[in-house]
$ cat structure-v1.pdb   # PDB, C-alpha atoms
MODEL        1
ATOM      1  CA  VAL A   1     121.794 163.649  60.420
ATOM      2  CA  SER A   2     121.375 167.377  60.991
ATOM      3  CA  THR A   3     117.767 167.000  62.155
ATOM      4  CA  GLN A   4     118.628 164.250  64.617
ATOM      5  CA  SER A   5     121.619 166.142  65.987
ATOM      6  CA  THR A   6     119.504 169.286  66.354
ATOM      7  CA  TRP A   7     116.824 167.466  68.351
ATOM      8  CA  ALA A   8     119.464 165.710  70.444
ATOM      9  CA  TYR A   9     121.129 169.061  71.155
ATOM     10  CA  LEU A  10     117.821 170.633  72.148
ATOM     11  CA  ALA A  11     117.099 167.714  74.478
ATOM     12  CA  LEU A  12     120.569 167.648  76.032
ATOM     13  CA  LEU A  13     120.916 171.369  76.686
ATOM     14  CA  PRO A  14     118.224 171.664  79.384
ATOM     15  CA  THR A  15     119.382 168.337  80.817
ATOM     16  CA  ALA A  16     122.906 169.700  81.214
ATOM     17  CA  LEU A  17     121.545 172.864  82.819
ATOM     18  CA  VAL A  18     119.530 170.813  85.329
ATOM     19  CA  PHE A  19     122.576 168.709  86.222
ATOM     20  CA  TYR A  20     124.697 171.821  86.700
ATOM     21  CA  HIS A  21     122.033 173.549  88.782
ATOM     22  CA  ARG A  22     121.612 170.506  91.037
ATOM     23  CA  HIS A  23     125.376 170.318  91.455
ATOM     24  CA  LYS A  24     125.777 174.005  92.362
ATOM     25  CA  SER A  25     122.641 174.382  94.473
ATOM     26  CA  TYR A  26     122.288 171.059  96.287
ATOM     27  CA  GLN A  27     125.735 169.417  95.902
ATOM     28  CA  VAL A  28     124.113 166.149  94.789
ATOM     29  CA  TYR A  29     126.697 163.395  94.389
ATOM     30  CA  GLY A  30     127.528 162.613  90.745
ATOM     31  CA  MET A  31     125.673 165.551  89.205
ATOM     32  CA  TYR A  32     128.846 167.252  88.003
ATOM     33  CA  SER A  33     129.938 164.024  86.312
ATOM     34  CA  LEU A  34     126.579 163.784  84.546
ATOM     35  CA  TYR A  35     126.908 167.429  83.574
ATOM     36  CA  GLY A  36     130.335 166.742  82.104
ATOM     37  CA  ILE A  37     129.038 163.789  80.094
ATOM     38  CA  THR A  38     126.186 165.860  78.669
ATOM     39  CA  GLU A  39     128.667 168.609  77.767
ATOM     40  CA  TYR A  40     130.678 166.103  75.741
ATOM     41  CA  LEU A  41     127.489 164.881  74.065
ATOM     42  CA  LEU A  42     126.530 168.477  73.239
ATOM     43  CA  ALA A  43     129.919 169.014  71.606
ATOM     44  CA  LEU A  44     129.465 165.781  69.630
ATOM     45  CA  CYS A  45     126.040 166.964  68.421
ATOM     46  CA  GLU A  46     127.579 170.239  67.247
ATOM     47  CA  ILE A  47     130.312 168.381  65.376
ATOM     48  CA  LEU A  48     127.768 166.093  63.699
ATOM     49  CA  TYR A  49     125.623 169.066  62.720
ATOM     50  CA  GLU A  50     128.562 170.882  61.147
ATOM     51  CA  ALA A  51     129.727 167.693  59.407
ATOM     52  CA  SER A  52     126.313 167.264  57.812
ATOM     53  CA  ALA A  53     127.179 170.163  55.492
ATOM     54  CA  TRP A  54     129.415 167.712  53.637
ATOM     55  CA  TRP A  55     126.371 165.607  52.743
ATOM     56  CA  ASP A  56     124.292 168.684  51.894
ATOM     57  CA  PHE A  57     126.882 170.465  49.765
ATOM     58  CA  GLY A  58     129.326 167.674  48.858
ATOM     59  CA  ASP A  59     128.624 167.816  45.125
ATOM     60  CA  MET A  60     128.939 171.602  44.831
ATOM     61  CA  GLU A  61     132.016 173.653  44.045
ATOM     62  CA  LEU A  62     132.856 177.144  45.156
ATOM     63  CA  ALA A  63     134.630 179.352  42.655
ATOM     64  CA  ILE A  64     135.998 182.768  43.522
ATOM     65  CA  VAL A  65     136.536 184.757  40.354
ATOM     66  CA  GLU A  66     138.187 188.118  40.231
ATOM     67  CA  GLY A  67     136.550 190.274  37.600
ATOM     68  CA  ARG A  68     138.146 193.085  35.650
ATOM     69  CA  ARG A  69     137.211 196.606  36.497
ATOM     70  CA  LYS A  70     136.072 198.822  33.660
ATOM     71  CA  ARG A  71     137.838 202.141  33.556
ATOM     72  CA  GLY A  72     135.739 205.240  33.813
ATOM     73  CA  VAL A  73     132.569 203.470  34.930
ATOM     74  CA  GLY A  74     131.380 204.299  38.416
ATOM     75  CA  MET A  75     134.193 206.715  39.177
TER
ENDMDL
END
$ encode --input "structure-v1.pdb" --output "structure tokens"
Amino acid sequence: VSTQSTWAYLALLPTALVFYHRHKSYQVYGMYSLYGITEYLLALCEILYEASAWWDFGDMELAIVEGRRKRGVGM
């Protein structure tokens, strides 16, 4: 999932920039709507990429252990 969402993100980003540029420079009808749709798709790709960590690290556990400090060492 992370590879597909990465490639989708990389394809959508320049597309969104083109839509925005055409909207600001030439005031083409509907370009801002297309830009908005691609922005939502970019956000969805980011969410999918971050969610893929669950599949990558789902079976691992994180343990934070506080160790005891030895007196006189390193002081």
$ residues_around --input "structure-v1.pdb" --residues "Leu12 of chain A" --least-positions-apart "3" --cutoff "8 Å" --atoms "only C-alpha atoms" --output "list of chain:residue names"
A:Ala8, A:Tyr9, A:Thr15, A:Ala16, A:Thr38, A:Leu41, A:Leu42
$ atom_distance --input "structure-v1.pdb" --atom1 "atom CA of Gln4 of chain A" --atom2 "atom CA of Phe19 of chain A"
22.4 Å
$ axis_aligned_box --input "structure-v1.pdb" --around "segment 55-66 of chain A" --padding-each-side "6 Å" --output "JSON"
{"center_x": 131.2, "center_y": 176.9, "center_z": 46.5, "size_x": 25.9, "size_y": 34.5, "size_z": 24.5}
$ atom_distance --input "structure-v1.pdb" --atom1 "atom CA of Ala51 of chain A" --atom2 "atom CA of Ser5 of chain A"
10.6 Å
$ closest_residue --input "structure-v1.pdb" --among "A:Ile37, A:Arg68, A:Leu48, A:Gly58" --to "Val1 of chain A" --atoms "all atoms listed in the file"
A:Leu48
$ residues_around --input "structure-v1.pdb" --residues "Thr6 of chain A" --least-positions-apart "5" --cutoff "9 Å" --atoms "all atoms listed in the file" --output "list in words"
Val1, Ala11, Cys45, Glu46 and Tyr49 of chain A
$ atom_distance --input "structure-v1.pdb" --atom1 "atom CA of Trp7 of chain A" --atom2 "atom CA of Val28 of chain A"
27.5 Å
$ decode --input "structure-v1.pdb" --residues "segment 23-34 of chain A" --atoms "N, CA, C and O atoms" --output "PDB file, in the first residue's frame"
ATOM      1  N   HIS A  23      -5.634  27.909 -12.962  1.00  0.00           N
ATOM      2  CA  HIS A  23      -6.690  28.698 -12.335  1.00  0.00           C
ATOM      3  C   HIS A  23      -6.221  30.131 -12.070  1.00  0.00           C
ATOM      4  O   HIS A  23      -6.933  31.091 -12.374  1.00  0.00           O
ATOM      5  N   LYS A  24      -5.028  30.274 -11.494  1.00  0.00           N
ATOM      6  CA  LYS A  24      -4.537  31.609 -11.123  1.00  0.00           C
ATOM      7  C   LYS A  24      -4.104  32.437 -12.340  1.00  0.00           C
ATOM      8  O   LYS A  24      -4.322  33.637 -12.371  1.00  0.00           O
ATOM      9  N   SER A  25      -3.507  31.782 -13.320  1.00  0.00           N
ATOM     10  CA  SER A  25      -2.952  32.527 -14.451  1.00  0.00           C
ATOM     11  C   SER A  25      -3.973  32.805 -15.549  1.00  0.00           C
ATOM     12  O   SER A  25      -3.991  33.891 -16.120  1.00  0.00           O
ATOM     13  N   TYR A  26      -4.801  31.814 -15.858  1.00  0.00           N
ATOM     14  CA  TYR A  26      -5.686  31.929 -17.024  1.00  0.00           C
ATOM     15  C   TYR A  26      -7.170  31.938 -16.670  1.00  0.00           C
ATOM     16  O   TYR A  26      -8.000  32.074 -17.557  1.00  0.00           O
ATOM     17  N   GLN A  27      -7.517  31.754 -15.403  1.00  0.00           N
ATOM     18  CA  GLN A  27      -8.898  31.709 -14.938  1.00  0.00           C
ATOM     19  C   GLN A  27      -9.750  30.734 -15.763  1.00  0.00           C
ATOM     20  O   GLN A  27     -10.855  31.052 -16.188  1.00  0.00           O
ATOM     21  N   VAL A  28      -9.214  29.551 -16.010  1.00  0.00           N
ATOM     22  CA  VAL A  28      -9.928  28.520 -16.760  1.00  0.00           C
ATOM     23  C   VAL A  28     -11.050  27.970 -15.882  1.00  0.00           C
ATOM     24  O   VAL A  28     -10.840  27.655 -14.705  1.00  0.00           O
ATOM     25  N   TYR A  29     -12.232  27.860 -16.462  1.00  0.00           N
ATOM     26  CA  TYR A  29     -13.407  27.404 -15.725  1.00  0.00           C
ATOM     27  C   TYR A  29     -13.209  25.965 -15.231  1.00  0.00           C
ATOM     28  O   TYR A  29     -12.826  25.086 -16.004  1.00  0.00           O
ATOM     29  N   GLY A  30     -13.456  25.740 -13.949  1.00  0.00           N
ATOM     30  CA  GLY A  30     -13.397  24.402 -13.365  1.00  0.00           C
ATOM     31  C   GLY A  30     -12.029  23.965 -12.869  1.00  0.00           C
ATOM     32  O   GLY A  30     -11.913  22.912 -12.252  1.00  0.00           O
ATOM     33  N   MET A  31     -10.998  24.755 -13.116  1.00  0.00           N
ATOM     34  CA  MET A  31      -9.655  24.345 -12.702  1.00  0.00           C
ATOM     35  C   MET A  31      -9.510  24.341 -11.184  1.00  0.00           C
ATOM     36  O   MET A  31      -8.848  23.478 -10.621  1.00  0.00           O
ATOM     37  N   TYR A  32     -10.152  25.290 -10.502  1.00  0.00           N
ATOM     38  CA  TYR A  32     -10.030  25.318  -9.052  1.00  0.00           C
ATOM     39  C   TYR A  32     -10.754  24.132  -8.429  1.00  0.00           C
ATOM     40  O   TYR A  32     -10.310  23.589  -7.421  1.00  0.00           O
ATOM     41  N   SER A  33     -11.840  23.700  -9.037  1.00  0.00           N
ATOM     42  CA  SER A  33     -12.540  22.503  -8.557  1.00  0.00           C
ATOM     43  C   SER A  33     -11.669  21.263  -8.731  1.00  0.00           C
ATOM     44  O   SER A  33     -11.594  20.417  -7.829  1.00  0.00           O
ATOM     45  N   LEU A  34     -11.004  21.157  -9.877  1.00  0.00           N
ATOM     46  CA  LEU A  34     -10.101  20.025 -10.097  1.00  0.00           C
ATOM     47  C   LEU A  34      -8.918  20.080  -9.133  1.00  0.00           C
ATOM     48  O   LEU A  34      -8.465  19.046  -8.640  1.00  0.00           O
TER      49      LEU A  34
END
